[in-house]
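Here is protein_20.cif, consisting of mmCIF, C-alpha atoms:
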data_coords
loop_
_atom_site.label_atom_id
_atom_site.label_comp_id
_atom_site.auth_asym_id
_atom_site.auth_seq_id
_atom_site.Cartn_x
_atom_site.Cartn_y
_atom_site.Cartn_z
CA MET A 512 -252.48 6.83 47.39
CA SER A 513 -248.79 7.66 47.34
CA GLY A 514 -247.56 10.59 45.33
CA LEU A 515 -245.86 9.87 42.05
CA THR A 516 -242.16 10.54 41.62
CA PRO A 517 -241.70 13.29 39.03
CA SER A 518 -239.75 12.82 35.82
CA GLN A 519 -236.41 14.57 35.29
CA THR A 520 -234.32 14.84 32.16
CA VAL A 521 -231.78 12.13 31.25
CA GLY A 522 -229.35 15.02 30.79
CA PRO A 523 -226.21 14.90 28.65
CA TYR A 524 -224.40 11.97 30.28
CA PHE A 525 -226.86 9.05 30.11
CA ALA A 526 -224.53 7.33 27.66
CA MET A 527 -222.41 6.33 30.66
CA ARG A 528 -225.08 3.86 31.69
CA LEU A 529 -228.06 3.40 29.42
CA PRO A 530 -226.64 2.01 26.17
CA TRP A 531 -226.15 -1.77 26.16
CA PRO A 532 -223.90 -3.58 23.69
CA ASP A 533 -226.90 -5.55 22.39
CA GLY A 534 -229.40 -2.74 23.05
CA PRO A 535 -230.49 -2.26 19.43
CA TYR A 536 -231.17 -5.99 19.03
CA VAL A 537 -234.80 -6.79 19.83
CA VAL A 538 -234.02 -10.13 18.19
CA THR A 539 -230.65 -11.82 18.02
CA ASP A 540 -228.54 -11.04 15.01
CA GLY A 541 -229.29 -13.35 12.10
CA THR A 542 -232.92 -14.04 13.06
CA PRO A 543 -234.96 -14.94 9.96
CA ASP A 544 -237.27 -12.13 8.80
CA ALA A 545 -235.35 -9.59 10.88
CA ILE A 546 -235.87 -5.99 9.83
CA THR A 547 -233.69 -2.96 10.50
CA ILE A 548 -235.28 0.32 11.50
CA VAL A 549 -233.09 3.37 10.99
CA GLY A 550 -233.82 7.00 11.65
CA ARG A 551 -232.56 10.30 12.87
CA VAL A 552 -233.80 12.62 15.59
CA PHE A 553 -234.17 16.34 14.77
CA ASP A 554 -234.82 19.48 16.80
CA GLY A 555 -237.01 22.44 15.93
CA ALA A 556 -234.25 24.11 13.90
CA GLY A 557 -233.82 21.01 11.76
CA ASN A 558 -230.53 20.09 13.42
CA VAL A 559 -229.79 16.49 14.30
CA ILE A 560 -229.81 15.57 17.98
CA PRO A 561 -226.66 13.62 18.86
CA ASP A 562 -227.59 13.05 22.52
CA ALA A 563 -230.98 11.35 22.40
CA ILE A 564 -231.85 7.76 23.20
CA ILE A 565 -234.63 5.83 21.52
CA GLU A 566 -236.40 2.88 23.13
CA THR A 567 -238.90 0.56 21.46
CA TRP A 568 -241.42 -1.94 22.83
CA GLN A 569 -243.54 -4.28 20.74
CA ALA A 570 -245.42 -7.55 20.43
CA ASP A 571 -243.94 -10.64 18.83
CA GLN A 572 -244.77 -11.84 15.32
CA ASP A 573 -248.08 -13.27 16.55
CA GLY A 574 -249.10 -10.07 18.29
CA ARG A 575 -248.51 -11.43 21.77
CA PHE A 576 -246.48 -10.42 24.81
CA ALA A 577 -244.59 -12.65 27.24
CA HIS A 578 -246.06 -10.66 30.10
CA PRO A 579 -248.60 -11.46 32.84
CA ASP A 580 -250.93 -8.68 31.68
CA ASP A 581 -251.35 -10.19 28.24
CA PRO A 582 -254.10 -12.67 29.16
CA ARG A 583 -253.30 -14.75 26.07
CA GLY A 584 -249.73 -15.29 27.28
CA ALA A 585 -246.63 -15.65 25.19
CA SER A 586 -246.84 -16.92 21.66
CA PRO A 587 -246.93 -20.72 21.50
CA ALA A 588 -244.33 -20.39 18.77
CA GLY A 589 -241.88 -19.40 21.54
CA TYR A 590 -239.68 -17.07 19.55
CA GLY A 591 -236.26 -17.64 21.05
CA GLY A 592 -234.18 -14.53 21.51
CA PHE A 593 -237.11 -12.14 21.09
CA ARG A 594 -236.87 -9.47 23.79
CA GLY A 595 -239.53 -7.07 22.58
CA PHE A 596 -237.43 -4.17 23.83
CA GLY A 597 -234.85 -2.16 21.91
CA ARG A 598 -232.65 0.73 22.96
CA CYS A 599 -230.24 2.80 20.90
CA GLU A 600 -228.56 6.13 21.61
CA THR A 601 -228.21 8.53 18.69
CA ALA A 602 -224.81 8.96 17.05
CA ALA A 603 -223.08 12.24 16.15
CA ASP A 604 -225.27 12.42 13.03
CA GLY A 605 -228.45 11.96 15.07
CA SER A 606 -228.98 8.43 13.81
CA TYR A 607 -230.21 5.33 15.62
CA ARG A 608 -230.85 1.75 14.53
CA ILE A 609 -233.08 -1.03 15.86
CA VAL A 610 -232.99 -4.64 14.63
CA THR A 611 -236.28 -6.42 15.17
CA VAL A 612 -239.12 -8.40 13.59
CA LYS A 613 -242.46 -7.06 12.48
CA PRO A 614 -245.04 -7.52 15.23
CA GLY A 615 -248.44 -9.04 14.56
CA PRO A 616 -251.72 -7.13 14.81
CA LEU A 617 -253.20 -6.74 18.28
CA PRO A 618 -256.74 -7.13 19.61
CA THR A 619 -258.18 -4.41 21.84
CA PRO A 620 -260.75 -4.65 24.65
CA ASP A 621 -263.21 -2.82 22.38
CA GLY A 622 -263.01 -5.48 19.71
CA ASP A 623 -260.92 -3.38 17.36
CA ILE A 624 -257.68 -4.54 15.83
CA GLU A 625 -254.57 -2.42 16.19
CA ALA A 626 -252.25 -2.48 13.21
CA PRO A 627 -248.71 -3.77 13.77
CA HIS A 628 -246.77 -1.07 15.62
CA LEU A 629 -243.92 -0.30 17.98
CA ASP A 630 -244.30 1.99 20.96
CA VAL A 631 -241.34 4.39 20.94
CA SER A 632 -239.89 6.45 23.81
CA VAL A 633 -237.58 9.40 23.18
CA PHE A 634 -235.27 10.71 25.90
CA ALA A 635 -232.75 13.53 25.47
CA ARG A 636 -231.01 16.40 27.13
CA GLY A 637 -233.58 19.20 26.94
CA LEU A 638 -236.51 16.81 27.42
CA LEU A 639 -237.78 17.09 30.99
CA ASP A 640 -240.05 14.10 30.43
CA ARG A 641 -239.95 11.29 27.91
CA LEU A 642 -241.82 11.64 24.64
CA VAL A 643 -243.95 8.73 23.47
CA THR A 644 -244.78 8.00 19.86
CA ARG A 645 -245.65 4.97 17.73
CA MET A 646 -244.13 3.54 14.57
CA TYR A 647 -246.44 1.83 12.05
CA PHE A 648 -245.50 -0.12 8.93
CA PRO A 649 -245.83 1.22 5.37
CA ASP A 650 -247.00 -2.10 3.89
CA GLU A 651 -250.11 -2.28 6.11
CA LEU A 652 -252.41 0.12 4.30
CA ALA A 653 -255.67 -1.62 5.22
CA ALA A 654 -254.67 -2.34 8.81
CA ASN A 655 -253.36 1.19 9.31
CA ALA A 656 -256.60 2.61 7.92
CA ALA A 657 -258.54 0.64 10.54
CA ASP A 658 -256.18 1.30 13.46
CA PRO A 659 -258.04 3.13 16.25
CA VAL A 660 -254.99 5.12 17.36
CA LEU A 661 -254.03 6.27 13.86
CA CYS A 662 -257.68 7.14 13.26
CA SER A 663 -257.60 9.39 16.34
CA VAL A 664 -254.82 11.49 14.78
CA GLU A 665 -255.68 14.26 12.35
CA PRO A 666 -255.20 12.84 8.83
CA ALA A 667 -252.54 15.35 7.77
CA ARG A 668 -250.24 14.22 10.59
CA ARG A 669 -250.72 10.44 10.45
CA GLY A 670 -247.82 10.10 8.04
CA THR A 671 -245.36 11.10 10.78
CA LEU A 672 -246.15 7.78 12.50
CA ILE A 673 -245.62 5.54 9.47
CA ALA A 674 -242.13 4.35 8.62
CA ILE A 675 -240.80 4.73 5.07
CA ALA A 676 -239.54 1.71 3.13
CA GLU A 677 -236.00 2.36 1.93
CA PRO A 678 -234.59 0.85 -1.26
CA GLU A 679 -232.03 -1.24 0.64
CA GLY A 680 -234.79 -2.93 2.64
CA HIS A 681 -234.56 -0.85 5.80
CA LEU A 682 -237.44 1.03 7.32
CA ARG A 683 -236.82 4.70 8.05
CA PHE A 684 -238.50 6.32 11.04
CA ASP A 685 -237.25 9.86 11.63
CA VAL A 686 -238.39 11.71 14.74
CA TRP A 687 -238.92 15.48 14.60
CA LEU A 688 -239.32 16.93 18.08
CA GLN A 689 -240.63 20.27 16.82
CA GLY A 690 -241.41 22.25 13.70
CA GLY A 691 -243.31 21.80 10.45
CA ARG A 692 -242.61 18.06 10.30
CA GLU A 693 -243.20 17.55 14.01
CA THR A 694 -243.88 13.91 14.88
CA VAL A 695 -247.14 13.07 16.62
CA PHE A 696 -246.46 12.44 20.29
CA PHE A 697 -248.88 10.84 22.70
CA ASP A 698 -250.20 11.59 26.15
CA LEU A 699 -249.73 8.22 27.79
CA MET B 584 -261.14 4.05 5.91
CA THR B 585 -264.26 2.05 5.25
CA SER B 586 -265.91 -0.55 7.42
CA ASP B 587 -265.39 -3.04 4.59
CA VAL B 588 -261.66 -2.73 5.06
CA ARG B 589 -261.93 -3.28 8.77
CA THR B 590 -264.22 -6.29 8.36
CA ALA B 591 -261.95 -7.83 5.77
CA PHE B 592 -258.94 -7.34 8.00
CA ARG B 593 -260.68 -8.95 10.95
CA GLN B 594 -261.57 -11.96 8.88
CA GLU B 595 -257.98 -12.32 7.78
CA THR B 596 -256.76 -12.35 11.33
CA GLN B 597 -259.58 -14.52 12.66
CA PRO B 598 -257.54 -17.73 12.89
CA GLN B 599 -255.10 -16.02 15.27
CA VAL B 600 -257.77 -14.54 17.47
CA ARG B 601 -260.19 -17.46 17.67
CA GLN B 602 -258.69 -19.28 20.65
CA GLU B 603 -258.42 -16.14 22.75
CA PRO B 604 -260.84 -15.07 25.49
CA SER B 605 -264.06 -13.69 24.08
CA ARG B 606 -263.37 -10.37 25.78
CA LEU B 607 -259.90 -9.00 26.35
CA LEU B 608 -259.59 -7.44 29.79
CA LEU B 609 -256.63 -5.16 30.39
CA PRO B 610 -255.54 -3.00 33.31
CA VAL B 611 -255.51 0.77 32.87
CA TYR B 612 -252.82 2.93 34.41
CA GLU B 613 -253.78 6.15 36.16
CA ARG B 614 -253.07 9.44 34.40
CA PRO B 615 -250.59 11.54 36.41
CA PRO B 616 -252.20 14.49 38.21
CA ALA B 617 -251.31 17.92 36.79
CA GLY B 618 -248.11 19.41 38.18
CA VAL B 619 -246.29 16.19 39.02
CA HIS B 620 -244.20 15.97 35.87
CA PRO B 621 -242.34 18.97 34.43
CA PRO B 622 -243.72 20.72 31.35
CA LEU B 623 -241.82 19.97 28.15
CA ASP B 624 -241.53 23.71 27.44
CA TYR B 625 -239.69 25.31 30.36
CA SER B 626 -237.88 28.57 29.74
CA GLY B 627 -235.61 28.16 32.77
CA TYR B 628 -233.91 25.21 31.04
CA ARG B 629 -232.64 26.58 27.76
CA SER B 630 -232.22 23.27 25.97
CA THR B 631 -235.98 22.70 26.02
CA ALA B 632 -236.50 25.58 23.55
CA LEU B 633 -235.92 23.62 20.34
CA ARG B 634 -236.67 20.19 21.74
CA HIS B 635 -240.26 20.38 22.96
CA PRO B 636 -243.22 19.54 20.70
CA LYS B 637 -245.48 22.50 20.03
CA ARG B 638 -248.49 20.49 18.91
CA PRO B 639 -250.77 19.09 21.61
CA LEU B 640 -250.13 15.51 22.65
CA VAL B 641 -252.71 12.98 21.42
CA LEU B 642 -254.37 10.82 24.08
CA LEU B 643 -253.15 7.22 23.86
CA PRO B 644 -255.48 4.61 25.39
CA HIS B 645 -253.79 1.90 27.44
CA ARG B 646 -253.93 -1.26 25.39
CA LEU B 647 -251.73 -4.33 25.12
CA THR B 648 -248.53 -2.54 24.12
CA GLU B 649 -248.91 0.05 26.89
CA VAL B 650 -249.84 -2.29 29.77
CA THR B 651 -247.00 -4.70 29.07
CA GLY B 652 -243.30 -3.96 29.17
CA PRO B 653 -239.86 -5.51 29.25
CA LEU B 654 -239.29 -7.65 32.34
CA LEU B 655 -235.53 -7.48 32.30
CA GLY B 656 -234.08 -9.98 34.66
CA SER B 657 -231.17 -10.54 36.92
CA ASP B 658 -229.14 -12.04 34.07
CA LEU B 659 -228.11 -8.46 33.35
CA ILE B 660 -226.63 -7.87 36.78
CA THR B 661 -223.07 -8.63 37.85
CA ALA B 662 -221.78 -8.84 41.41
CA THR B 663 -220.45 -5.28 41.69
CA ASP B 664 -223.23 -3.52 39.76
CA ALA B 665 -224.96 -2.26 42.92
CA ASP B 666 -221.72 -1.28 44.68
CA LEU B 667 -220.14 1.60 42.79
CA THR B 668 -217.23 1.66 45.25
CA ALA B 669 -216.19 -1.90 44.36
CA GLN B 670 -215.87 -1.71 40.58
CA HIS B 671 -212.12 -1.02 40.48
CA ASP B 672 -208.96 -2.22 42.20
CA GLY B 673 -208.85 0.69 44.62
CA GLU B 674 -211.45 2.63 46.58
CA PRO B 675 -212.87 5.81 45.09
CA ILE B 676 -212.31 9.17 46.76
CA GLY B 677 -215.25 10.72 48.56
CA GLN B 678 -217.95 10.18 51.13
CA ARG B 679 -219.31 6.63 51.06
CA ILE B 680 -223.10 6.53 51.01
CA ILE B 681 -225.82 3.89 50.98
CA VAL B 682 -228.87 4.75 48.89
CA THR B 683 -231.82 2.44 49.42
CA GLY B 684 -235.59 2.48 49.21
CA ARG B 685 -238.57 0.84 47.62
CA VAL B 686 -240.08 1.03 44.19
CA LEU B 687 -243.83 1.31 44.68
CA ASP B 688 -246.85 2.00 42.57
CA SER B 689 -249.20 4.81 43.54
CA ASP B 690 -251.42 2.39 45.45
CA GLY B 691 -248.46 1.65 47.69
CA ARG B 692 -247.84 -1.78 46.25
CA PRO B 693 -244.17 -2.80 45.86
CA VAL B 694 -242.86 -3.31 42.33
CA PRO B 695 -240.70 -6.44 42.56
CA ASP B 696 -238.07 -7.75 40.13
CA THR B 697 -237.69 -4.50 38.24
CA LEU B 698 -234.46 -3.08 36.86
CA LEU B 699 -232.97 0.20 38.10
CA GLU B 700 -230.07 1.86 36.32
CA ILE B 701 -228.15 4.78 37.83
CA TRP B 702 -225.37 7.13 36.74
CA GLN B 703 -223.71 10.03 38.53
CA ALA B 704 -220.74 12.37 38.84
CA ASN B 705 -217.81 11.53 41.10
CA ALA B 706 -217.04 13.30 44.39
CA ALA B 707 -215.43 16.18 42.48
CA GLY B 708 -218.52 16.74 40.34
CA ARG B 709 -217.01 15.16 37.22
CA TYR B 710 -218.80 12.66 34.96
CA ARG B 711 -216.84 10.01 33.13
CA HIS B 712 -218.11 10.98 29.68
CA SER B 713 -216.41 12.11 26.49
CA ARG B 714 -218.47 15.30 26.19
CA GLU B 715 -217.84 16.38 29.79
CA HIS B 716 -215.30 19.23 30.02
CA HIS B 717 -215.59 20.40 33.63
CA PRO B 718 -211.95 20.81 34.80
CA ALA B 719 -212.36 18.66 37.90
CA PRO B 720 -210.40 15.42 38.32
CA LEU B 721 -211.57 12.02 37.18
CA ASP B 722 -211.21 9.28 39.76
CA PRO B 723 -209.54 6.16 38.36
CA ASN B 724 -211.47 4.11 40.92
CA PHE B 725 -214.92 5.46 40.13
CA THR B 726 -216.99 4.99 36.98
CA GLY B 727 -220.28 6.23 38.40
CA ILE B 728 -222.70 3.66 36.95
CA GLY B 729 -224.82 1.03 38.65
CA ARG B 730 -227.65 -1.44 38.18
CA CYS B 731 -229.86 -3.41 40.51
CA ILE B 732 -233.09 -5.42 40.54
CA THR B 733 -235.71 -4.86 43.22
CA ASP B 734 -236.39 -7.74 45.60
CA ALA B 735 -239.80 -9.28 46.30
CA GLY B 736 -240.64 -6.28 48.51
CA GLY B 737 -239.69 -3.78 45.83
CA ARG B 738 -236.50 -2.79 47.66
CA TYR B 739 -233.28 -1.68 46.01
CA ARG B 740 -229.92 -0.77 47.52
CA PHE B 741 -226.83 0.92 46.12
CA VAL B 742 -223.49 1.69 47.74
CA THR B 743 -221.74 4.64 46.12
CA ILE B 744 -219.91 7.93 46.70
CA ALA B 745 -221.71 11.22 47.34
CA PRO B 746 -221.67 13.02 43.99
CA GLY B 747 -220.33 16.57 43.81
CA ALA B 748 -222.13 19.58 42.37
CA TYR B 749 -220.97 20.69 38.94
CA PRO B 750 -221.25 23.76 36.76
CA TRP B 751 -223.31 23.76 33.55
CA GLY B 752 -223.72 26.39 30.91
CA ASN B 753 -227.44 27.02 31.23
CA HIS B 754 -226.98 30.52 32.69
CA TYR B 755 -224.34 32.59 34.49
CA ASN B 756 -222.85 30.73 37.48
CA ALA B 757 -225.19 27.78 37.02
CA TRP B 758 -224.44 24.76 39.24
CA ARG B 759 -226.38 21.54 39.36
CA PRO B 760 -227.14 20.34 42.89
CA ALA B 761 -225.63 16.97 43.72
CA HIS B 762 -227.84 14.25 42.22
CA ILE B 763 -227.99 10.67 41.04
CA HIS B 764 -229.78 9.81 37.78
CA PHE B 765 -232.25 6.91 38.02
CA SER B 766 -233.86 4.93 35.19
CA LEU B 767 -236.74 2.55 35.99
CA PHE B 768 -238.88 0.19 33.94
CA GLY B 769 -241.61 -0.87 36.35
CA ARG B 770 -243.79 -3.65 34.94
CA ALA B 771 -245.28 -1.83 31.95
CA PHE B 772 -244.33 0.59 29.18
CA SER B 773 -246.71 3.02 30.92
CA GLN B 774 -244.60 2.94 34.09
CA ARG B 775 -241.23 3.78 32.53
CA LEU B 776 -239.56 6.61 34.43
CA VAL B 777 -236.25 8.47 34.21
CA THR B 778 -235.60 10.86 37.07
CA GLN B 779 -232.99 12.28 39.43
CA MET B 780 -232.53 11.90 43.19
CA TYR B 781 -231.32 14.90 45.20
CA PHE B 782 -229.87 15.26 48.70
CA PRO B 783 -231.50 17.00 51.67
CA GLY B 784 -230.32 20.46 52.68
CA ASP B 785 -228.62 21.27 49.38
CA PRO B 786 -228.55 25.08 48.98
CA LEU B 787 -228.40 24.71 45.19
CA LEU B 788 -231.87 23.15 44.95
CA VAL B 789 -233.78 26.43 45.10
CA LEU B 790 -231.63 27.75 42.23
CA ASP B 791 -231.84 24.68 39.98
CA PRO B 792 -234.09 24.95 36.91
CA MET B 793 -234.41 21.17 36.54
CA PHE B 794 -235.53 20.61 40.13
CA ASN B 795 -237.82 23.62 39.95
CA SER B 796 -239.34 22.56 36.63
CA VAL B 797 -241.67 20.31 38.66
CA PRO B 798 -244.66 22.60 39.24
CA ASP B 799 -246.13 20.90 42.29
CA GLU B 800 -244.24 21.71 45.50
CA ALA B 801 -245.03 18.42 47.23
CA ALA B 802 -244.04 16.46 44.14
CA ARG B 803 -240.76 18.37 43.91
CA GLN B 804 -239.92 17.50 47.50
CA ARG B 805 -240.38 13.83 46.62
CA LEU B 806 -237.23 14.06 44.52
CA ILE B 807 -235.16 14.59 47.69
CA ALA B 808 -233.83 11.58 49.60
CA ARG B 809 -234.08 11.42 53.39
CA PHE B 810 -230.97 11.06 55.55
CA ASP B 811 -231.46 8.17 57.97
CA ILE B 812 -229.13 7.54 60.89
CA ASN B 813 -230.54 4.02 61.15
CA LEU B 814 -229.39 3.21 57.63
CA THR B 815 -226.03 4.80 58.34
CA GLN B 816 -223.31 2.27 59.11
CA PRO B 817 -220.95 3.22 61.95
CA GLU B 818 -217.39 4.05 60.89
CA TRP B 819 -218.31 3.38 57.28
CA ALA B 820 -221.08 5.10 55.29
CA LEU B 821 -223.98 7.58 55.50
CA GLY B 822 -227.44 6.17 54.76
CA TYR B 823 -230.14 7.75 52.61
CA GLU B 824 -233.62 6.46 51.88
CA TRP B 825 -235.51 7.30 48.73
CA ASP B 826 -238.74 5.62 47.64
CA ILE B 827 -239.71 5.86 43.99
CA VAL B 828 -243.39 5.82 43.10
CA LEU B 829 -244.52 4.74 39.63
CA ARG B 830 -248.01 5.03 38.17
CA GLY B 831 -250.50 2.60 39.57
CA ARG B 832 -253.49 0.94 37.98
CA SER B 833 -256.84 2.58 37.99
CA ALA B 834 -259.45 0.68 39.97
CA THR B 835 -261.09 -1.92 37.76
CA ALA B 836 -263.81 -4.45 38.40
CA PHE B 837 -261.74 -7.45 37.38
CA GLU B 838 -258.61 -6.66 39.33
CA GLU B 839 -257.72 -9.07 42.10
CA PRO B 840 -258.08 -7.67 45.60
CA HIS B 841 -254.97 -6.74 47.48
CA GLU B 842 -254.09 -5.49 50.96
#
Starting from the file, lay out its structure as structure tokens.
Amino acid sequence: MSGLTPSQTVGPYFAMRLPWPDGPYVVTDGTPDAITIVGRVFDGAGNVIPDAIIETWQADQDGRFAHPDDPRGASPAGYGGFRGFGRCETAADGSYRIVTVKPGPLPTPDGDIEAPHLDVSVFARGLLDRLVTRMYFPDELAANAADPVLCSVEPARRGTLIAIAEPEGHLRFDVWLQGGRETVFFDL
Amino acid sequence: MTSDVRTAFRQETQPQVRQEPSRLLLPVYERPPAGVHPPLDYSGYRSTALRHPKRPLVLLPHRLTEVTGPLLGSDLITATDADLTAQHDGEPIGQRIIVTGRVLDSDGRPVPDTLLEIWQANAAGRYRHSREHHPAPLDPNFTGIGRCITDAGGRYRFVTIAPGAYPWGNHYNAWRPAHIHFSLFGRAFSQRLVTQMYFPGDPLLVLDPMFNSVPDEAARQRLIARFDINLTQPEWALGYEWDIVLRGRSATAFEEPHE
């Protein structure tokens, strides 16, 4: 077995390379049923973090992945322009934005059903390793209540993983790296 | 949560699930041994103080979202992306270097067709970035960014300029050793890695909080590339080799055998 290569921080200058012009677009602009996820990233003093980068990974609307390790294969619907992956650096006000579609529920090897979710990575100066969290949807009360991952989180903190529906139709998913509102992060 | 809710939800989704295999079999990625990755709370690197979670991380099983990942293809790559000395009209100032190696998983298997992204300072230790204020010159012929896709054997290759060391405000007289930032996707969300490659013999390494944040000595040494005279091209460029090892899959009964 070869030894793993350690993680190192993205540092302050990742914006030279990592942002892509279409990075925030998991689906192409104008896709029917597209949703916009907005949020801000905060540190332990409640200050916004203007040098973080958020990445998202998710299933398509049918809960499938165009990937060899999804034994069911890509969705027969063949959603054109769906990349599954989103990437957005935070702006001066700590904000990011991802344009995507809501994924379908996912089966697990144990026979459970995972509620629709996005896996989220957070990178920033001051983070020596990436942080991993998940975003769930606020209109999935029953599915969220049955989700094995959410159920493994202490009830008082589950809310940090569930996006908030905003009046203008966006979903808000703020990420708090530390402090009283600290987001639940996962050991992957 | 009640079991009624779960049962009702399963019935709702039954039409989607019916044509799928009766039992979903997924790979599981190994958990990194202790000491390989830096702790999130590391006093030597001041910026970690307000940016590390204080609550324990919650164990996330590896399921569909974690064992899959973006397979970003060569449509992203342009001709000069892997040659950072050829992205402008003129040649950049500095020592030309070749940086090459393989992307492997921890079982030694190559990771083919995976995207690498790199960024670095120029020969004077200056990054081309709006928030960079080090009073060293920018090089009009060097941007310091690259991309490449591994070949079928997991190999990547960049041509670039040896980056300079640069000062940072972490503590008095703090200098980062010369390094190149690497971002890798692997084949799964679980394999995603952002790291830095260092150069052999750099006297700044023993003083660098980021390098030394890796607890395990052997793991830390794996961040340092190896100079190789056989990769060095006469009258042209120094050659360095650096293999990058991503998490492998745990042994599972259903996995296909491999050499």
With a cut-off of 6 Å, could you pull out the residues of chain A touching chain B and give me the nearest pair of atoms for each, distance in Å to one decimal, using only C-alpha atoms, ordered by chain and ascending number, as a Markdown table?
| residue | atom | partner | partner_atom | distance |
| --- | --- | --- | --- | --- |
| A:Met512 | CA | B:Asp690 | CA | 5.0 |
| A:Ser513 | CA | B:Ser689 | CA | 4.8 |
| A:Leu515 | CA | B:Val828 | CA | 4.9 |
| A:Thr516 | CA | B:Val828 | CA | 5.1 |
| A:Pro517 | CA | B:His620 | CA | 4.8 |
| A:Ser518 | CA | B:Thr778 | CA | 4.8 |
| A:Gln519 | CA | B:Thr778 | CA | 4.2 |
| A:Arg528 | CA | B:Ile728 | CA | 5.8 |
| A:Asp554 | CA | B:Arg634 | CA | 5.3 |
| A:Gly555 | CA | B:Leu633 | CA | 4.7 |
| A:Pro620 | CA | B:Leu607 | CA | 4.7 |
| A:Gly637 | CA | B:Thr631 | CA | 4.3 |
| A:Leu639 | CA | B:Leu623 | CA | 5.7 |
| A:Ala656 | CA | B:Met584 | CA | 5.2 |
| A:Ala657 | CA | B:Arg589 | CA | 5.5 |
| A:Leu688 | CA | B:Pro636 | CA | 5.4 |
| A:Gln689 | CA | B:Pro636 | CA | 4.7 |
| A:Phe696 | CA | B:Leu640 | CA | 5.3 |
| A:Phe697 | CA | B:Val641 | CA | 4.6 |
| A:Asp698 | CA | B:Leu642 | CA | 4.7 |
| A:Leu699 | CA | B:Leu643 | CA | 5.3 |
Surrounding residues of Leu642 (chain A) excluding itself and chain neighbours under 3 positions, 7 Å, only C-alpha atoms, as a tab-separated table (two decimals) with C-alpha atoms, keeping the file's coordinate frame:
chain	number	residue	atom	x	y	z
A	632	SER	CA	-239.89	6.45	23.81
A	633	VAL	CA	-237.58	9.40	23.18
A	634	PHE	CA	-235.27	10.71	25.90
A	696	PHE	CA	-246.46	12.44	20.29
- request: Using the chain letters and residue numbers of this document, give as a ChimeraX atom specification the residues selected by the PyMOL selection byres ((chain A and resi 563) around 7).
  value: /A:560-562,564-565,600-601,633-636
- request: Go ahead and compute the interatomic distance for CA of Arg685 (chain B) and CA of Ile807 (chain B), in Å to one decimal.
  value: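 For CA of Arg685 (chain B) relative to CA of Ile807 (chain B), the distance reads 14.2 Å.
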message: Between CA of Ala706 (chain B) and CA of Ile680 (chain B), what distance in Å does the model show, to one decimal?
response: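 One can read the CA of Ala706 (chain B) to CA of Ile680 (chain B) distance as 11.2 Å.
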query: Written as a PyMOL selection string, which residues does the PyMOL selection byres ((chain B and resi 679) around 9) give for the file shown?
result: chain B and resi 668+675-678+680-681+742-745+819-822
query: What does the distance between CA of Glu679 (chain A) and CA of Met646 (chain A) come to in Å, to one decimal place?
result: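 Separation between CA of Glu679 (chain A) and CA of Met646 (chain A): 19.1 Å.
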- prompt: When distances are computed from all atoms listed in the file, which of A:Arg583, A:Thr611, A:Trp687, A:Ile624 shows the smallest separation from Ile548 (chain A)?
  reply: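 Smallest distance to Ile548 (chain A) is found for A:Thr611.
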- line: Judged by all atoms listed in the file, the minimum distance to Pro523 (chain A) among A:Leu638, A:Asp580, A:Val643, A:Arg594 is found for A:Leu638
message: So that I can check the surroundings of region 569-573 of chain A, please list as a list in words every protein, DNA and RNA residue that reaches within 8 Å of it, counting all atoms listed in the file and ignoring chain neighbours fewer than 3 positions away.
response: Phe576, Ser586, Tyr590, Phe593, Gly595, Phe596, Val612, Lys613, Pro614, Gly615, Pro616, His628, Leu629 and Asp630 of chain A; Gln599 and Thr648 of chain B
task: Could you check which of A:Gly690, A:Pro618, A:Pro659, A:Gly605 is closest to Gly550 (chain A), using all atoms listed in the file?
output: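 Using all atoms listed in the file, the shortest distance to Gly550 (chain A) belongs to A:Gly605.
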Hits of the PyMOL selection byres ((chain B and resi 752) around 12) in this structure, as an MDAnalysis selection string: (chainID A and resid 523) or (chainID B and resid 628:630 715:717 749:751 753:759)
Let me have the centre and edge lengths in Å, one decimal, of the box along x, y and z around every listed atom of region 794-800 of chain B with 4 Å of margin on each side, as lines of an AutoDock Vina configuration file.
center_x = -240.8
center_y = 22.0
center_z = 41.1
size_x = 18.6
size_y = 11.3
size_z = 16.9
Selected residue, from A:Asp623, A:Gly514, A:Pro678, A:Ser606, that lies nearest to Asn558 (chain A) when counting only C-alpha atoms: A:Ser606
Export region 634-639 of chain A, N, CA and C atoms, as a tab-separated table (two decimals), in the first residue's frame; it's the structure right above.
chain	number	residue	atom	x	y	z
A	634	PHE	N	-13.21	24.93	0.99
A	634	PHE	CA	-11.77	25.16	1.03
A	634	PHE	C	-11.56	26.64	1.34
A	635	ALA	N	-10.50	26.96	2.08
A	635	ALA	CA	-10.21	28.37	2.36
A	635	ALA	C	-8.79	28.50	2.89
A	636	ARG	N	-8.24	29.68	2.76
A	636	ARG	CA	-7.06	30.01	3.55
A	636	ARG	C	-7.38	29.75	5.01
A	637	GLY	N	-6.47	29.15	5.74
A	637	GLY	CA	-6.76	28.84	7.15
A	637	GLY	C	-7.40	27.48	7.35
A	638	LEU	N	-7.74	26.79	6.26
A	638	LEU	CA	-8.22	25.41	6.36
A	638	LEU	C	-7.13	24.50	5.81
A	639	LEU	N	-6.51	23.73	6.67
A	639	LEU	CA	-5.41	22.86	6.23
A	639	LEU	C	-5.92	21.64	5.48
